[in-house]
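structure.cif (mmCIF, C-alpha atoms (C1' of nucleotides)) appears below.
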```cif
data_input
loop_
_atom_site.group_PDB
_atom_site.id
_atom_site.type_symbol
_atom_site.label_atom_id
_atom_site.label_comp_id
_atom_site.auth_asym_id
_atom_site.auth_seq_id
_atom_site.Cartn_x
_atom_site.Cartn_y
_atom_site.Cartn_z
ATOM 1 C CA MET Z 288 21.122 -10.351 5.994
ATOM 2 C CA THR Z 289 18.706 -10.476 8.902
ATOM 3 C CA PRO Z 290 14.995 -10.808 8.292
ATOM 4 C CA LEU Z 291 14.465 -7.328 9.625
ATOM 5 C CA SER Z 292 16.990 -5.551 7.455
ATOM 6 C CA ALA Z 293 15.731 -7.368 4.382
ATOM 7 C CA ALA Z 294 12.180 -6.433 5.235
ATOM 8 C CA SER Z 295 13.103 -2.823 5.811
ATOM 9 C CA GLY Z 296 14.874 -2.722 2.458
ATOM 10 C CA VAL Z 297 11.816 -3.974 0.672
ATOM 11 C CA GLU Z 298 9.637 -1.746 2.770
ATOM 12 C CA ASN Z 299 11.394 1.288 1.386
ATOM 13 C CA VAL Z 300 10.537 0.111 -2.097
ATOM 14 C CA LEU Z 301 6.997 -0.596 -1.071
ATOM 15 C CA ARG Z 302 6.716 2.886 0.341
ATOM 16 C CA ILE Z 303 7.812 4.270 -3.012
ATOM 17 C CA LEU Z 304 5.332 2.089 -4.877
ATOM 18 C CA GLU Z 305 2.423 2.525 -2.552
ATOM 19 C CA GLY Z 306 -0.368 4.757 -3.618
ATOM 20 C CA ARG Z 307 -3.314 3.707 -5.647
ATOM 21 C CA TRP Z 308 -1.900 4.925 -8.972
ATOM 22 C CA LYS Z 309 1.892 4.826 -8.847
ATOM 23 C CA LEU Z 310 2.251 1.579 -10.755
ATOM 24 C CA VAL Z 311 -0.225 2.553 -13.390
ATOM 25 C CA ILE Z 312 1.677 5.769 -13.989
ATOM 26 C CA LEU Z 313 4.994 3.929 -13.894
ATOM 27 C CA PHE Z 314 4.005 1.506 -16.607
ATOM 28 C CA HIS Z 315 2.408 4.194 -18.715
ATOM 29 C CA LEU Z 316 5.742 6.000 -18.756
ATOM 30 C CA PHE Z 317 7.822 2.865 -19.202
ATOM 31 C CA GLY Z 318 10.036 2.578 -22.258
ATOM 32 C CA GLY Z 319 11.176 6.178 -22.408
ATOM 33 C CA LYS Z 320 7.756 7.630 -23.152
ATOM 34 C CA VAL Z 321 7.275 11.319 -22.502
ATOM 35 C CA LEU Z 322 3.688 12.313 -21.679
ATOM 36 C CA ARG Z 323 1.989 15.562 -20.868
ATOM 37 C CA PHE Z 324 -0.185 15.950 -17.821
ATOM 38 C CA SER Z 325 -3.279 15.836 -19.995
ATOM 39 C CA ASP Z 326 -1.985 12.763 -21.809
ATOM 40 C CA LEU Z 327 -1.794 10.951 -18.500
ATOM 41 C CA GLU Z 328 -5.273 12.130 -17.606
ATOM 42 C CA ARG Z 329 -6.603 10.688 -20.837
ATOM 43 C CA ALA Z 330 -4.590 7.486 -20.458
ATOM 44 C CA ILE Z 331 -5.894 6.929 -16.939
ATOM 45 C CA PRO Z 332 -9.492 8.152 -17.005
ATOM 46 C CA ALA Z 333 -10.353 6.853 -13.530
ATOM 47 C CA ILE Z 334 -7.793 9.010 -11.758
ATOM 48 C CA SER Z 335 -8.673 12.432 -10.416
ATOM 49 C CA GLN Z 336 -6.487 15.454 -11.107
ATOM 50 C CA LYS Z 337 -5.654 15.677 -7.443
ATOM 51 C CA MET Z 338 -4.428 12.099 -7.275
ATOM 52 C CA LEU Z 339 -2.530 12.355 -10.543
ATOM 53 C CA ILE Z 340 -0.569 15.400 -9.498
ATOM 54 C CA GLN Z 341 -0.040 14.082 -5.983
ATOM 55 C CA GLN Z 342 1.364 10.758 -7.113
ATOM 56 C CA LEU Z 343 3.496 12.408 -9.773
ATOM 57 C CA ARG Z 344 4.959 14.766 -7.202
ATOM 58 C CA GLN Z 345 5.796 11.925 -4.857
ATOM 59 C CA MET Z 346 7.385 9.917 -7.637
ATOM 60 C CA GLU Z 347 9.365 12.980 -8.603
ATOM 61 C CA ALA Z 348 10.512 13.426 -5.010
ATOM 62 C CA ASP Z 349 11.526 9.762 -4.949
ATOM 63 C CA GLY Z 350 13.606 10.295 -8.039
ATOM 64 C CA ILE Z 351 11.786 7.949 -10.367
ATOM 65 C CA VAL Z 352 9.936 10.556 -12.444
ATOM 66 C CA ARG Z 353 11.258 13.687 -14.100
ATOM 67 C CA ARG Z 354 9.080 16.754 -14.596
ATOM 68 C CA ILE Z 355 9.870 18.953 -17.588
ATOM 69 C CA VAL Z 356 8.317 22.410 -17.649
ATOM 70 C CA HIS Z 357 8.110 24.322 -20.923
ATOM 71 C CA HIS Z 358 7.609 27.948 -20.061
ATOM 72 C CA GLN Z 359 4.976 28.974 -22.548
ATOM 73 C CA VAL Z 360 1.319 29.907 -22.722
ATOM 74 C CA PRO Z 361 -0.714 27.797 -22.463
ATOM 75 C CA PRO Z 362 1.496 25.864 -20.055
ATOM 76 C CA LYS Z 363 3.085 22.618 -21.142
ATOM 77 C CA VAL Z 364 4.507 20.127 -18.673
ATOM 78 C CA GLU Z 365 5.854 16.724 -19.575
ATOM 79 C CA TYR Z 366 6.661 13.704 -17.486
ATOM 80 C CA CYS Z 367 9.024 10.797 -18.077
ATOM 81 C CA LEU Z 368 10.875 8.200 -16.054
ATOM 82 C CA THR Z 369 14.357 8.771 -14.739
ATOM 83 C CA ASP Z 370 16.960 6.038 -15.120
ATOM 84 C CA TRP Z 371 16.024 4.901 -11.630
ATOM 85 C CA GLY Z 372 12.421 4.686 -12.709
ATOM 86 C CA GLN Z 373 13.292 2.548 -15.721
ATOM 87 C CA ALA Z 374 15.454 0.315 -13.554
ATOM 88 C CA LEU Z 375 12.593 -0.024 -11.098
ATOM 89 C CA CYS Z 376 10.282 -1.218 -13.864
ATOM 90 C CA ARG Z 377 12.789 -3.878 -14.824
ATOM 91 C CA ALA Z 378 13.242 -4.879 -11.190
ATOM 92 C CA LEU Z 379 9.520 -5.572 -11.025
ATOM 93 C CA ASP Z 380 9.936 -8.265 -13.639
ATOM 94 C CA ALA Z 381 10.532 -11.120 -11.203
ATOM 95 C CA LEU Z 382 7.392 -10.107 -9.364
ATOM 96 C CA LEU Z 383 5.447 -10.045 -12.613
ATOM 97 C CA LYS Z 384 6.557 -13.542 -13.425
ATOM 98 C CA TRP Z 385 5.635 -14.745 -9.961
ATOM 99 C CA ALA Z 386 2.193 -13.192 -10.358
ATOM 100 C CA ALA Z 387 1.752 -14.655 -13.830
ATOM 101 C CA LEU Z 388 2.585 -18.162 -12.655
ATOM 102 C CA ARG Z 389 0.170 -17.735 -9.817
ATOM 103 C CA GLU Z 390 -2.736 -16.655 -11.977
ATOM 104 C CA ALA Z 391 -2.000 -19.512 -14.347
ATOM 105 C CA GLU Z 392 -2.383 -21.833 -11.368
ATOM 106 C CA ALA Z 393 -5.733 -20.371 -10.429
ATOM 107 C CA MET F 171 2.548 -6.818 -22.942
ATOM 108 C CA THR F 172 0.610 -3.583 -22.735
ATOM 109 C CA PRO F 173 1.330 -1.094 -19.989
ATOM 110 C CA LEU F 174 -2.061 -1.709 -18.473
ATOM 111 C CA SER F 175 -1.856 -5.467 -18.272
ATOM 112 C CA ALA F 176 1.626 -5.240 -16.847
ATOM 113 C CA ALA F 177 0.492 -2.722 -14.291
ATOM 114 C CA SER F 178 -2.495 -4.799 -13.315
ATOM 115 C CA GLY F 179 -0.261 -7.830 -12.899
ATOM 116 C CA VAL F 180 2.032 -5.963 -10.559
ATOM 117 C CA GLU F 181 -0.923 -4.400 -8.856
ATOM 118 C CA ASN F 182 -2.138 -7.819 -7.846
ATOM 119 C CA VAL F 183 1.224 -8.448 -6.224
ATOM 120 C CA LEU F 184 1.127 -5.068 -4.574
ATOM 121 C CA ARG F 185 -2.305 -5.833 -3.234
ATOM 122 C CA ILE F 186 -0.915 -9.015 -1.723
ATOM 123 C CA LEU F 187 2.040 -7.201 -0.187
ATOM 124 C CA GLU F 188 0.226 -4.146 0.995
ATOM 125 C CA GLY F 189 -0.507 -3.831 4.637
ATOM 126 C CA ARG F 190 1.808 -2.372 7.190
ATOM 127 C CA TRP F 191 3.201 -5.731 8.377
ATOM 128 C CA LYS F 192 3.004 -8.242 5.551
ATOM 129 C CA LEU F 193 6.636 -7.957 4.561
ATOM 130 C CA VAL F 194 7.880 -8.106 8.095
ATOM 131 C CA ILE F 195 5.902 -11.287 8.652
ATOM 132 C CA LEU F 196 7.030 -12.662 5.312
ATOM 133 C CA PHE F 197 10.690 -12.249 6.108
ATOM 134 C CA HIS F 198 10.283 -13.554 9.609
ATOM 135 C CA LEU F 199 8.896 -16.780 8.168
ATOM 136 C CA PHE F 200 11.366 -16.966 5.317
ATOM 137 C CA GLY F 201 13.603 -20.015 5.088
ATOM 138 C CA GLY F 202 11.053 -22.582 6.184
ATOM 139 C CA LYS F 203 10.670 -21.293 9.696
ATOM 140 C CA VAL F 204 7.556 -22.349 11.608
ATOM 141 C CA LEU F 205 6.400 -19.906 14.248
ATOM 142 C CA ARG F 206 3.555 -19.827 16.726
ATOM 143 C CA PHE F 207 1.232 -16.873 16.962
ATOM 144 C CA SER F 208 2.920 -15.824 20.191
ATOM 145 C CA ASP F 209 6.348 -16.226 18.613
ATOM 146 C CA LEU F 210 5.372 -13.742 15.950
ATOM 147 C CA GLU F 211 4.022 -11.385 18.581
ATOM 148 C CA ARG F 212 7.344 -11.501 20.395
ATOM 149 C CA ALA F 213 9.327 -11.202 17.171
ATOM 150 C CA ILE F 214 7.371 -8.120 16.099
ATOM 151 C CA PRO F 215 6.653 -6.246 19.319
ATOM 152 C CA ALA F 216 5.242 -3.181 17.597
ATOM 153 C CA ILE F 217 2.363 -5.036 15.972
ATOM 154 C CA SER F 218 -1.038 -5.320 17.624
ATOM 155 C CA GLN F 219 -2.839 -8.661 17.896
ATOM 156 C CA LYS F 220 -5.551 -7.393 15.633
ATOM 157 C CA MET F 221 -3.131 -6.481 12.883
ATOM 158 C CA LEU F 222 -1.120 -9.662 13.271
ATOM 159 C CA ILE F 223 -4.108 -11.930 12.876
ATOM 160 C CA GLN F 224 -5.589 -9.796 10.137
ATOM 161 C CA GLN F 225 -2.462 -9.799 8.025
ATOM 162 C CA LEU F 226 -1.884 -13.502 8.623
ATOM 163 C CA ARG F 227 -5.413 -14.283 7.504
ATOM 164 C CA GLN F 228 -5.035 -12.261 4.361
ATOM 165 C CA MET F 229 -1.719 -13.875 3.569
ATOM 166 C CA GLU F 230 -3.321 -17.245 4.174
ATOM 167 C CA ALA F 231 -6.177 -16.346 1.828
ATOM 168 C CA ASP F 232 -3.621 -15.267 -0.759
ATOM 169 C CA GLY F 233 -1.932 -18.633 -0.481
ATOM 170 C CA ILE F 234 1.436 -17.453 0.760
ATOM 171 C CA VAL F 235 1.083 -18.517 4.408
ATOM 172 C CA ARG F 236 -0.083 -21.833 5.844
ATOM 173 C CA ARG F 237 -1.875 -22.036 9.175
ATOM 174 C CA ILE F 238 -1.421 -25.212 11.178
ATOM 175 C CA VAL F 239 -3.842 -25.795 14.049
ATOM 176 C CA HIS F 240 -2.950 -28.297 16.762
ATOM 177 C CA HIS F 241 -6.164 -29.209 18.510
ATOM 178 C CA GLN F 242 -5.099 -29.177 22.115
ATOM 179 C CA VAL F 243 -5.543 -27.150 25.274
ATOM 180 C CA PRO F 244 -4.136 -24.590 25.529
ATOM 181 C CA PRO F 245 -4.473 -23.961 21.803
ATOM 182 C CA LYS F 246 -1.406 -24.078 19.598
ATOM 183 C CA VAL F 247 -1.348 -22.569 16.116
ATOM 184 C CA GLU F 248 1.691 -22.383 13.899
ATOM 185 C CA TYR F 249 2.395 -20.404 10.772
ATOM 186 C CA CYS F 250 4.829 -20.988 7.937
ATOM 187 C CA LEU F 251 5.236 -19.960 4.313
ATOM 188 C CA THR F 252 3.796 -21.968 1.458
ATOM 189 C CA ASP F 253 5.931 -22.664 -1.589
ATOM 190 C CA TRP F 254 4.347 -19.620 -3.183
ATOM 191 C CA GLY F 255 5.380 -17.568 -0.200
ATOM 192 C CA GLN F 256 8.986 -18.737 -0.445
ATOM 193 C CA ALA F 257 8.985 -18.007 -4.164
ATOM 194 C CA LEU F 258 7.606 -14.543 -3.482
ATOM 195 C CA CYS F 259 10.475 -13.817 -1.110
ATOM 196 C CA ARG F 260 12.949 -14.777 -3.803
ATOM 197 C CA ALA F 261 11.073 -12.705 -6.380
ATOM 198 C CA LEU F 262 11.599 -9.672 -4.173
ATOM 199 C CA ASP F 263 15.320 -9.994 -4.640
ATOM 200 C CA ALA F 264 15.558 -7.756 -7.701
ATOM 201 C CA LEU F 265 13.670 -5.080 -5.819
ATOM 202 C CA LEU F 266 16.021 -5.424 -2.879
ATOM 203 C CA LYS F 267 18.997 -4.916 -5.127
ATOM 204 C CA TRP F 268 17.396 -1.881 -6.738
ATOM 205 C CA ALA F 269 16.750 -0.417 -3.305
ATOM 206 C CA ALA F 270 20.256 -1.184 -2.121
ATOM 207 C CA LEU F 271 21.818 0.548 -5.120
ATOM 208 C CA ARG F 272 19.600 3.504 -4.543
ATOM 209 C CA GLU F 273 20.498 3.931 -0.904
ATOM 210 C CA ALA F 274 24.160 3.572 -1.779
ATOM 211 C CA GLU F 275 23.675 6.500 -4.163
ATOM 212 C CA ALA F 276 22.131 8.657 -1.471
ATOM 213 C "C1'" DC H 154 -2.865 -19.390 23.931
ATOM 214 C "C1'" DA H 155 -4.996 -17.570 20.107
ATOM 215 C "C1'" DG H 156 -7.946 -15.121 18.853
ATOM 216 C "C1'" DA H 157 -12.847 -12.010 18.361
ATOM 217 C "C1'" DA H 158 -15.395 -7.688 18.949
ATOM 218 C "C1'" DT H 159 -15.657 -2.924 19.511
ATOM 219 C "C1'" DC H 160 -14.490 1.865 19.414
ATOM 220 C "C1'" DC H 161 -11.806 5.609 17.616
ATOM 221 C "C1'" DG H 162 -8.299 8.534 15.547
ATOM 222 C "C1'" DT H 163 -5.409 9.017 11.346
ATOM 223 C "C1'" DT H 164 -4.519 8.693 6.617
ATOM 224 C "C1'" DA H 165 -5.729 7.952 1.844
ATOM 225 C "C1'" DT H 166 -8.621 8.867 -1.697
ATOM 226 C "C1'" DG H 167 -12.303 11.167 -4.249
ATOM 227 C "C1'" DA H 168 -15.587 15.021 -5.980
ATOM 228 C "C1'" DT H 169 -16.015 19.562 -6.987
ATOM 229 C "C1'" DA H 170 -15.007 24.211 -7.871
ATOM 230 C "C1'" DC H 171 -11.630 27.647 -8.843
ATOM 231 C "C1'" DT H 172 -7.112 29.931 -11.099
ATOM 232 C "C1'" DG H 173 -2.601 31.823 -13.457
ATOM 233 C "C1'" DC J 79 -3.246 23.504 -19.822
ATOM 234 C "C1'" DA J 80 -1.797 22.312 -15.540
ATOM 235 C "C1'" DG J 81 -2.578 22.737 -11.754
ATOM 236 C "C1'" DT J 82 -4.615 24.446 -6.384
ATOM 237 C "C1'" DA J 83 -8.041 24.524 -2.621
ATOM 238 C "C1'" DT J 84 -11.679 22.679 -0.023
ATOM 239 C "C1'" DC J 85 -14.737 19.419 1.663
ATOM 240 C "C1'" DA J 86 -16.404 14.726 2.307
ATOM 241 C "C1'" DT J 87 -15.806 9.858 2.790
ATOM 242 C "C1'" DA J 88 -13.615 5.424 3.015
ATOM 243 C "C1'" DA J 89 -9.903 2.559 4.280
ATOM 244 C "C1'" DC J 90 -6.447 1.620 7.556
ATOM 245 C "C1'" DG J 91 -4.327 0.907 11.873
ATOM 246 C "C1'" DG J 92 -4.219 0.910 17.026
ATOM 247 C "C1'" DA J 93 -5.962 0.329 21.996
ATOM 248 C "C1'" DT J 94 -8.841 -2.067 24.804
ATOM 249 C "C1'" DT J 95 -11.793 -5.589 26.456
ATOM 250 C "C1'" DC J 96 -13.609 -10.189 26.255
ATOM 251 C "C1'" DT J 97 -13.632 -15.530 25.452
ATOM 252 C "C1'" DG J 98 -13.255 -20.829 24.306
#
```

As C-alpha coordinates, the full file:
Amino acid sequence: MTPLSAASGVENVLRILEGRWKLVILFHLFGGKVLRFSDLERAIPAISQKMLIQQLRQMEADGIVRRIVHHQVPPKVEYCLTDWGQALCRALDALLKWAALREAEA
Amino acid sequence: MTPLSAASGVENVLRILEGRWKLVILFHLFGGKVLRFSDLERAIPAISQKMLIQQLRQMEADGIVRRIVHHQVPPKVEYCLTDWGQALCRALDALLKWAALREAEA
DNA sequence: CAGAATCCGTTATGATACTG
DNA sequence: CAGTATCATAACGGATTCTG
(Lines of atoms letter the chains of each structure in order from A and count residues from 1; the text may use other names and numbers.)
(Lines give C-alpha, C1' and ligand atoms only; values in the text may rest on other atoms or scores of the structure.)
Protein backbone atom coordinates (compact mmCIF):
# COMPACT_ATOMS: atom_id res chain seq x y z
CA MET A 1 0.00 0.00 0.00
CA THR A 2 1.45 3.36 -0.97
CA PRO A 3 1.65 6.15 1.56
CA LEU A 4 -0.91 8.10 -0.38
CA SER A 5 -3.55 5.41 -0.61
CA ALA A 6 -3.15 4.61 3.07
CA ALA A 7 -3.48 8.26 3.94
CA SER A 8 -6.54 8.66 1.79
CA GLY A 9 -8.13 5.64 3.45
CA VAL A 10 -7.61 7.10 6.87
CA GLU A 11 -8.65 10.49 5.61
CA ASN A 12 -12.06 9.13 4.74
CA VAL A 13 -12.43 7.96 8.31
CA LEU A 14 -11.20 11.27 9.60
CA ARG A 15 -13.74 13.04 7.47
CA ILE A 16 -16.46 10.92 9.04
CA LEU A 17 -15.16 11.62 12.54
CA GLU A 18 -14.45 15.28 12.10
CA GLY A 19 -16.80 17.73 13.63
CA ARG A 20 -16.57 19.04 17.12
CA TRP A 21 -19.14 16.62 18.56
CA LYS A 22 -19.17 13.43 16.52
CA LEU A 23 -17.05 11.42 18.92
CA VAL A 24 -18.93 12.56 21.95
CA ILE A 25 -22.18 11.49 20.33
CA LEU A 26 -20.62 8.24 19.14
CA PHE A 27 -19.53 7.22 22.60
CA HIS A 28 -22.78 8.30 24.17
CA LEU A 29 -24.58 5.90 21.85
CA PHE A 30 -22.02 3.13 22.17
CA GLY A 31 -23.15 -0.23 23.50
CA GLY A 32 -26.52 -0.35 21.80
CA LYS A 33 -28.00 2.59 23.68
CA VAL A 34 -31.04 4.24 22.17
CA LEU A 35 -31.44 7.92 23.07
CA ARG A 36 -33.97 10.57 22.22
CA PHE A 37 -32.94 13.91 20.85
CA SER A 38 -33.62 15.52 24.20
CA ASP A 39 -31.66 12.80 25.99
CA LEU A 40 -28.63 13.70 23.91
CA GLU A 41 -29.16 17.37 24.63
CA ARG A 42 -29.16 16.65 28.35
CA ALA A 43 -26.19 14.29 28.08
CA ILE A 44 -24.15 16.88 26.20
CA PRO A 45 -25.12 20.22 27.72
CA ALA A 46 -22.44 22.22 25.90
CA ILE A 47 -23.76 21.40 22.44
CA SER A 48 -26.25 23.64 20.69
CA GLN A 49 -29.38 22.23 19.06
CA LYS A 50 -28.07 23.26 15.68
CA MET A 51 -24.81 21.38 16.13
CA LEU A 52 -26.51 18.33 17.60
CA ILE A 53 -28.91 17.92 14.73
CA GLN A 54 -26.25 18.75 12.15
CA GLN A 55 -23.78 16.19 13.42
CA LEU A 56 -26.49 13.57 13.83
CA ARG A 57 -27.61 14.11 10.25
CA GLN A 58 -24.08 13.75 8.95
CA MET A 59 -23.50 10.61 10.97
CA GLU A 60 -26.77 9.26 9.65
CA ALA A 61 -25.71 10.04 6.09
CA ASP A 62 -22.41 8.28 6.75
CA GLY A 63 -24.29 5.22 7.90
CA ILE A 64 -23.07 5.11 11.47
CA VAL A 65 -26.22 6.39 13.18
CA ARG A 66 -29.82 5.30 12.72
CA ARG A 67 -32.71 7.71 13.20
CA ILE A 68 -36.00 6.23 14.38
CA VAL A 69 -39.08 8.40 14.07
CA HIS A 70 -42.19 7.57 16.09
CA HIS A 71 -45.09 9.31 14.45
CA GLN A 72 -46.95 10.67 17.42
CA VAL A 73 -47.71 13.94 19.15
CA PRO A 74 -45.60 15.25 20.73
CA PRO A 75 -42.93 13.99 18.35
CA LYS A 76 -40.52 11.31 19.47
CA VAL A 77 -37.28 10.60 17.64
CA GLU A 78 -34.64 8.17 18.79
CA TYR A 79 -31.06 7.67 17.76
CA CYS A 80 -28.78 4.64 17.97
CA LEU A 81 -25.66 3.34 16.31
CA THR A 82 -25.77 1.12 13.26
CA ASP A 83 -23.57 -1.97 13.13
CA TRP A 84 -21.03 0.14 11.27
CA GLY A 85 -21.13 2.66 14.07
CA GLN A 86 -20.50 -0.01 16.70
CA ALA A 87 -17.66 -1.43 14.63
CA LEU A 88 -16.19 2.05 14.32
CA CYS A 89 -16.18 2.44 18.10
CA ARG A 90 -14.28 -0.81 18.44
CA ALA A 91 -11.86 0.22 15.70
CA LEU A 92 -11.00 3.28 17.76
CA ASP A 93 -9.69 1.04 20.49
CA ALA A 94 -6.10 0.93 19.25
CA LEU A 95 -6.10 4.70 19.11
CA LEU A 96 -7.45 4.88 22.64
CA LYS A 97 -4.67 2.67 23.88
CA TRP A 98 -2.08 4.74 22.07
CA ALA A 99 -3.50 7.88 23.65
CA ALA A 100 -3.62 6.29 27.09
CA LEU A 101 0.01 5.23 26.93
CA ARG A 102 0.93 8.69 25.83
CA GLU A 103 -0.83 10.45 28.67
CA ALA A 104 0.72 8.01 31.11
CA GLU A 105 4.10 9.11 29.77
CA ALA A 106 3.31 12.76 30.29
CA MET B 1 -14.60 3.43 31.14
CA THR B 2 -17.36 6.00 30.90
CA PRO B 3 -18.48 7.28 27.53
CA LEU B 4 -17.14 10.71 28.33
CA SER B 5 -13.66 9.67 29.34
CA ALA B 6 -13.42 7.42 26.32
CA ALA B 7 -14.57 10.20 24.06
CA SER B 8 -12.15 12.66 25.57
CA GLY B 9 -9.32 10.17 25.10
CA VAL B 10 -10.13 9.77 21.44
CA GLU B 11 -10.69 13.47 21.12
CA ASN B 12 -7.12 14.09 22.13
CA VAL B 13 -6.01 11.81 19.32
CA LEU B 14 -8.37 13.52 16.93
CA ARG B 15 -6.96 16.86 17.94
CA ILE B 16 -3.50 15.55 17.11
CA LEU B 17 -4.63 14.21 13.75
CA GLU B 18 -6.81 17.07 12.74
CA GLY B 19 -5.53 19.45 10.17
CA ARG B 20 -5.88 19.02 6.46
CA TRP B 21 -2.39 17.52 5.95
CA LYS B 22 -1.30 15.75 9.11
CA LEU B 23 -2.14 12.28 7.89
CA VAL B 24 -0.57 12.81 4.52
CA ILE B 25 2.64 13.93 6.20
CA LEU B 26 2.42 11.09 8.69
CA PHE B 27 2.22 8.45 6.01
CA HIS B 28 4.90 10.07 3.93
CA LEU B 29 7.27 9.76 6.88
CA PHE B 30 6.13 6.31 7.88
CA GLY B 31 8.70 3.52 7.92
CA GLY B 32 11.60 5.54 9.27
CA LYS B 33 11.93 7.80 6.29
CA VAL B 34 13.83 11.06 6.78
CA LEU B 35 12.78 13.88 4.49
CA ARG B 36 13.88 17.46 4.02
CA PHE B 37 11.41 20.30 4.04
CA SER B 38 11.74 20.61 0.28
CA ASP B 39 11.29 16.87 -0.14
CA LEU B 40 7.96 17.11 1.61
CA GLU B 41 7.00 20.07 -0.54
CA ARG B 42 7.72 18.04 -3.66
CA ALA B 43 6.01 14.95 -2.28
CA ILE B 44 2.85 16.91 -1.46
CA PRO B 45 2.54 19.48 -4.24
CA ALA B 46 -0.90 20.67 -3.20
CA ILE B 47 0.22 21.90 0.21
CA SER B 48 1.32 25.48 0.80
CA GLN B 49 4.54 26.29 2.66
CA LYS B 50 2.56 27.88 5.42
CA MET B 51 0.46 24.79 5.99
CA LEU B 52 3.42 22.44 5.71
CA ILE B 53 5.44 24.23 8.36
CA GLN B 54 2.41 24.78 10.55
CA GLN B 55 1.39 21.14 10.56
CA LEU B 56 4.97 19.98 11.05
CA ARG B 57 5.36 22.27 14.04
CA GLN B 58 2.18 21.03 15.61
CA MET B 59 3.17 17.43 15.04
CA GLU B 60 6.54 18.21 16.55
CA ALA B 61 4.86 19.79 19.57
CA ASP B 62 2.68 16.71 19.89
CA GLY B 63 5.77 14.54 19.93
CA ILE B 64 5.08 12.54 16.80
CA VAL B 65 7.60 14.25 14.49
CA ARG B 66 11.26 15.05 15.11
CA ARG B 67 12.93 18.05 13.51
CA ILE B 68 16.63 17.78 12.78
CA VAL B 69 18.48 21.00 12.00
CA HIS B 70 21.85 20.85 10.26
CA HIS B 71 23.55 24.16 10.89
CA GLN B 72 25.00 24.91 7.50
CA VAL B 73 24.52 27.26 4.58
CA PRO B 74 22.24 26.83 2.77
CA PRO B 75 20.12 25.57 5.65
CA LYS B 76 19.16 21.92 5.81
CA VAL B 77 16.32 20.65 7.99
CA GLU B 78 15.08 17.10 8.07
CA TYR B 79 11.94 15.57 9.47
CA CYS B 80 11.17 12.05 10.61
CA LEU B 81 8.69 10.30 12.89
CA THR B 82 9.36 9.70 16.55
CA ASP B 83 8.61 6.31 18.05
CA TRP B 84 5.25 7.70 19.09
CA GLY B 85 4.61 8.72 15.53
CA GLN B 86 5.41 5.24 14.23
CA ALA B 87 3.18 3.72 16.89
CA LEU B 88 0.39 6.09 15.90
CA CYS B 89 0.61 4.92 12.30
CA ARG B 90 0.23 1.33 13.44
CA ALA B 91 -2.65 2.27 15.73
CA LEU B 92 -4.49 3.61 12.70
CA ASP B 93 -4.56 0.15 11.23
CA ALA B 94 -7.89 -0.89 12.74
CA LEU B 95 -9.43 2.27 11.35
CA LEU B 96 -7.98 1.53 7.93
CA LYS B 97 -9.52 -1.91 7.96
CA TRP B 98 -12.88 -0.51 9.03
CA ALA B 99 -12.73 1.99 6.19
CA ALA B 100 -11.69 -0.65 3.69
CA LEU B 101 -14.59 -2.91 4.63
CA ARG B 102 -16.93 -0.01 4.33
CA GLU B 103 -15.82 1.01 0.87
CA ALA B 104 -16.02 -2.60 -0.24
CA GLU B 105 -19.66 -2.54 0.89
CA ALA B 106 -20.41 0.56 -1.14
C1' DC C 1 16.81 26.34 1.59
C1' DA C 2 13.64 26.86 5.08
C1' DG C 3 11.02 29.42 6.77
C1' DA C 4 8.21 34.16 8.67
C1' DA C 5 4.65 37.70 8.07
C1' DT C 6 0.59 39.40 6.16
C1' DC C 7 -3.84 39.58 4.00
C1' DC C 8 -8.11 37.43 2.73
C1' DG C 9 -11.78 34.24 1.52
C1' DT C 10 -14.12 29.98 3.13
C1' DT C 11 -15.86 26.97 6.47
C1' DA C 12 -17.15 25.62 11.08
C1' DT C 13 -19.35 26.69 15.06
C1' DG C 14 -22.35 29.24 18.20
C1' DA C 15 -26.42 32.22 19.96
C1' DT C 16 -30.94 33.28 19.43
C1' DA C 17 -35.57 33.20 18.02
C1' DC C 18 -39.24 30.76 15.85
C1' DT C 19 -42.46 26.46 14.47
C1' DG C 20 -45.36 22.02 13.31
C1' DC D 1 -40.49 17.53 21.45
C1' DA D 2 -37.66 17.96 17.75
C1' DG D 3 -36.42 20.47 15.05
C1' DT D 4 -35.61 25.10 11.34
C1' DA D 5 -33.94 29.76 10.16
C1' DT D 6 -31.01 33.58 10.66
C1' DC D 7 -27.22 36.12 12.05
C1' DA D 8 -22.62 36.64 14.01
C1' DT D 9 -18.04 35.11 14.97
C1' DA D 10 -14.02 32.22 15.15
C1' DA D 11 -11.06 28.91 13.19
C1' DC D 12 -8.97 27.23 9.14
C1' DG D 13 -6.60 27.23 4.90
C1' DG D 14 -4.43 29.50 0.81
C1' DA D 15 -1.73 33.12 -1.96
C1' DT D 16 1.75 36.25 -1.84
C1' DT D 17 5.77 38.62 -0.39
C1' DC D 18 9.92 38.90 2.28
C1' DT D 19 14.42 37.19 4.73
C1' DG D 20 18.72 34.99 7.22

Got a sec to pull out which chain H residues are within 9 Å of chain F, counting all atoms listed in the file, and send them as an NGL selection string? :H and (154-156)

Output of the PyMOL selection byres ((chain F) within 12 of (chain J)), listed as a PyMOL selection string: chain F and resi 188-191+216-222+224-225+242-245

Residues at most 9 Å from F:Val183, counting only C-alpha atoms (C1' of nucleotides), excluding those fewer than 5 positions away in the same chain, as a ChimeraX atom specification? /Z:382-383,385-386 /F:178,188

Chain F contacts on chain Z, all atoms listed in the file, 9 Å, as JSON, numbers by chain: {"Z": [289, 290, 291, 293, 294, 295, 296, 297, 298, 299, 300, 301, 304, 305, 310, 311, 312, 313, 314, 315, 316, 317, 371, 374, 375, 377, 378, 379, 380, 381, 382, 383, 384, 385, 386, 387, 389]}

How far is it from atom CA of F:Leu251 to atom CA of F:Asp232, in Å with one decimal?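 Separation between atom CA of F:Leu251 and atom CA of F:Asp232: 11.2 Å.
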
Work out how far apart atom C1' of H:DT172 and atom CA of Z:Val356 are and give it in Å to one decimal. 18.4 Å

Can you work out the spacing between atom C1' of H:DA165 and atom CA of F:Leu226 in Å, to one decimal?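 Distance between the two atoms: 22.8 Å.
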
Hey, can I get the axis-aligned box for stretch 243-256 of chain F? All listed atoms, 8 Å padding on each side, centre and edge lengths in Å to one decimal, as AutoDock Vina command-line options.
```
--center_x 1.7 --center_y -22.4 --center_z 11.2 --size_x 30.5 --size_y 25.6 --size_z 44.7
```
